[in-house]
Amino acid sequence: MSHVKEAPSGGRDTHPVTAGAARSGRPRGGGFVGLRPPFKTILIFLLPASIVFAIFVLGPVSFSAYTSFFEWNGRGSITEFVGLDNFRRLAGDEIFRGDLFRGGMIILLSLVVQLPFAFGLAMLLHQKFPGRTIFRLIFFVPYVLSEAVTAVLFTLLLSPSRGAVNQFLSAIGFGDVEILWMADRNLVLYTVFAVLCWKYFGFYMILFLAGRQNIPQELYEAAKVDGATAVEQFRRITLPLMGPTVRVTVFLSVIGVVQLFDLVYILTSGGPGHSSETMAITMYDYGFQRNEVGYGSAISIVMFLICLIFALLYQRYVLKRDLQGSVAGAAQSEGRN
Amino acid sequence: MRKPLNRLRALTAAGAAGALALTAACGGSGGSNDDEITWWHIQNEDPMMSYWDQLSEEWLEESGSDLTFDTQAIENDSFKQRLSVSESADEMPDLFQTWGGGVLAEQAEAGLVRDLTDELDCLDLINPGYLEAYTVDGRVYGVPFDAGAVGFWYNKDLFAEAGIDEIPETWSGFLGVVEDLKAADITPIALGESELWPGHFYWAYLVMRTIGLDALSESAANMEFSDPGFVEAGEHLQDLIELEPFQPGFEAAPYGEGPDSQAAIMGNGDAAMELMGQWAPSVQADSSGTDGLGDSLGFFKFPAVEGGAGDINEILSGGNGFAVGNNAPDEVFDYLCYLFSEENQSRILENADGLFTTVAANPENVLDEVDPHLQLVLDTVAESTGAQLYLDQDYPAAVGETVNEATGGLFLGDIGPEQVVEDINTAWEREQ
């Protein structure tokens, strides 16, 4: 139990530190070394997971990487080696460039609208008032719904002539509203974003709420004694200490946008005229609708690289402090696994 | 943070992961088991879903075969996905849905389907015209159990309301009808363009009417659309699109699902026409939740283009058929001929309740009384002098999808008629 003495703060926080250190493969301080189980034990326990990981993750990824260098229609043997042609074609593909732009737009909107909204809501729901559990529950419900159900639900709500949204707008005095939420190509991306927002704000709200609850009350009491106003408390205590949570939500948000598929596919199939298409939809379209599996693989590899590079850079430069330094940060990231 | 990354990897490698997972999960289901006939069809709703089962049980009993059936009724789109996974794993089901055309030809060239030409002694019970879509280089690789024609389904009441008393037989006459309907404040045409294929019917028909069926087949065989008629056809379509004949929001409307779908709008009497195949009346009723238009629903052939080489009696058509996987046992042939006996064709049509249209060489032997809507299609088929399979089924998938995509761009006003042809030719070039 020597590590208890080594740990910077109370016993409750020691475990995540140990786990974090073990995961990054870097024993930190002599106190931990003695704790490491024998090599053989580690190997035996890692083996099953490694096999599953190799078959279901490494295998398919390598296979995709391999097929991305071929022109292949998904049938028969893979023979037509085309080198980097698929990637060259991708670089000039206007649909894919559009995907990148639209993805960027949704990320931007998420950062500017969705996350601050969820953050504000979390701050409100952190206050003590009657019924706050019920509110938390209600706001979290959309996240629990499956993406397919959400998409079908909004297809009905946003129907131009019979949908509840347009009828509601008409009823509250906007005249005879017939907004083409999904058929108007200048509007459709915002419609998709609104649905995404509705679906996921509850999830981010819960993360922020958990982050807020981890901030010790004593800090605020001390600040009050020192005469800090509510605004000062928020700026000097809440915001900095919420940093790790905010950084993780930004990360999840970006990765989520790169993966975006089912909800958009059911809602708009990427249309009209690609104006709401995402990278994953383009990949699916080429890989499965047009049987251009080689080209589809190339798209998937680029998506993979985007995610991987972003994740590595983000962890290296932004999450660095959270993963190595503060105890709270390690506890946060551990909680996400 | 590992979970989202894992999910991403799984998604990005969807093709390969799917292949692995499926091979692992349903190993042996793809014809490798000798005692079992794996049958994949897409009639995933009753009555046909259970009726196929009933027929296979009857056959097992009558033939005394000790085989068993592993029958799976799969929804259309997921069927296509699962089949393409089976193809890359060379684990074809023994008996499966096909639409013929380019996809079947690709399968035949890859040796994934069995040649039926000399194996089926019941082929003469099927109208030879319908077998064409399932024939590659003179060999038959599939048999249709359903066929029909695409044409304009129209609401007679709305036509009367707009004072239209004559069915248009020329494209300019048709445009006139659209204008009359608009003048009467009626939405002339219902279109579910989010799915793209409903729009491709217009372009395909206009090409057929402009350059004729033979020239179209020849261009497809040469894998190049160089005839100036292809652009001309797009210009004719543009003339229609510029009249804004479609319901508001057609860009995002589906074909058959939900209250905004093309079929629901027709079924509710909110638009006067749709260009659709033989299944239209039953889908109109289903998706609008009504009994359909009944006697008010009429059908007319796609009009001729003035000065065009095509004939008004050449039809764009397609249907459903079955193909036999490369590892299938010979007994599957006996089973197919059991299904295609005139007696059973008749029973299938009766049970399908309007879903299928007969393919019989002698329709009078399998039908005693025909639904009036079906009769309209049958008459059109009987009068037809040639047939073209839907372009998105007939051509290799990459080209077919490009046809849909490019014509979709024309409907949205994104690209012009020349660009449509250029895009399609780019896709053809990639296939060479």
# chains A, B, ... in the order shown; residues from 1 in each chain; ligands from 1
>>> residues_around(residues="segment 310-318 of chain B", least_positions_apart="4", cutoff="9 Å", atoms="only C-alpha atoms", output="MDAnalysis selection string")
chainID B and resid 99:100 130 133 146:151 169:170 201 204:214 277:278 301:305 380:381 383:391 393
>>> residues_around(residues="Asp53 of chain B", least_positions_apart="3", cutoff="12 Å", atoms="only C-alpha atoms", output="count of residues only")
23
>>> residues_around(residues="Leu209 of chain A", least_positions_apart="4", cutoff="8 Å", atoms="only C-alpha atoms", output="ChimeraX atom specification")
/A:122-123,125-126,205,213
>>> select_by_dssp(residues="segment 197-411 of chain B", states="strand (DSSP E or B)", output="NGL selection string")
:B and (246 or 271-276 or 297-300 or 304 or 314-317 or 321-325 or 360 or 386-389)
>>> select_by_dssp(residues="segment 104-315 of chain A", states="helix (DSSP H, G or I)", output="ChimeraX atom specification")
/A:104-126,132-144,147-157,164-174,188-213,217-225,230-259,262-268,279-289,293-315
>>> residues_around(residues="segment 315-319 of chain A", least_positions_apart="5", cutoff="8 Å", atoms="only C-alpha atoms", output="PyMOL selection string")
chain A and resi 244+247-248
>>> closest_residue(among="B:Ser84, B:Ile189, B:Val177, B:Arg430", to="Asn86 of chain A", atoms="only C-alpha atoms")
B:Arg430
>>> atom_distance(atom1="atom CA of Ile37 of chain B", atom2="atom CA of Ser65 of chain B")
11.2 Å
>>> residues_around(residues="Phe322 of chain B", least_positions_apart="4", cutoff="6 Å", atoms="only C-alpha atoms", output="VMD selection string")
chain B and resid 96 to 98 142 to 143
>>> atom_distance(atom1="atom CA of Glu422 of chain B", atom2="atom CA of Leu90 of chain A")
18.7 Å
>>> closest_residue(among="B:Ala263, B:Ala215, B:Ala253, B:Ala160", to="chain A", atoms="only C-alpha atoms")
B:Ala253
>>> closest_residue(among="A:Gln217, A:Ser297, A:Ser275, A:Asn291", to="Val103 of chain B", atoms="only C-alpha atoms")
A:Asn291
>>> closest_residue(among="A:Ala298, A:Leu187, A:Val250, A:Ala194", to="Glu71 of chain A", atoms="only C-alpha atoms")
A:Ala298
>>> residues_around(residues="Trp198 of chain A", least_positions_apart="6", cutoff="9 Å", atoms="only C-alpha atoms", output="list in words")
Gln114, Pro142 and Tyr143 of chain A
>>> closest_residue(among="A:Ile206, A:Val192, A:Cys307, A:Leu169", to="chain B", atoms="only C-alpha atoms")
A:Cys307
>>> atom_distance(atom1="atom CA of His200 of chain B", atom2="atom CA of Ser226 of chain B")
18.6 Å
>>> closest_residue(among="A:Ala280, A:Leu84, A:Ile134, A:Leu263", to="chain B", atoms="only C-alpha atoms")
A:Ala280
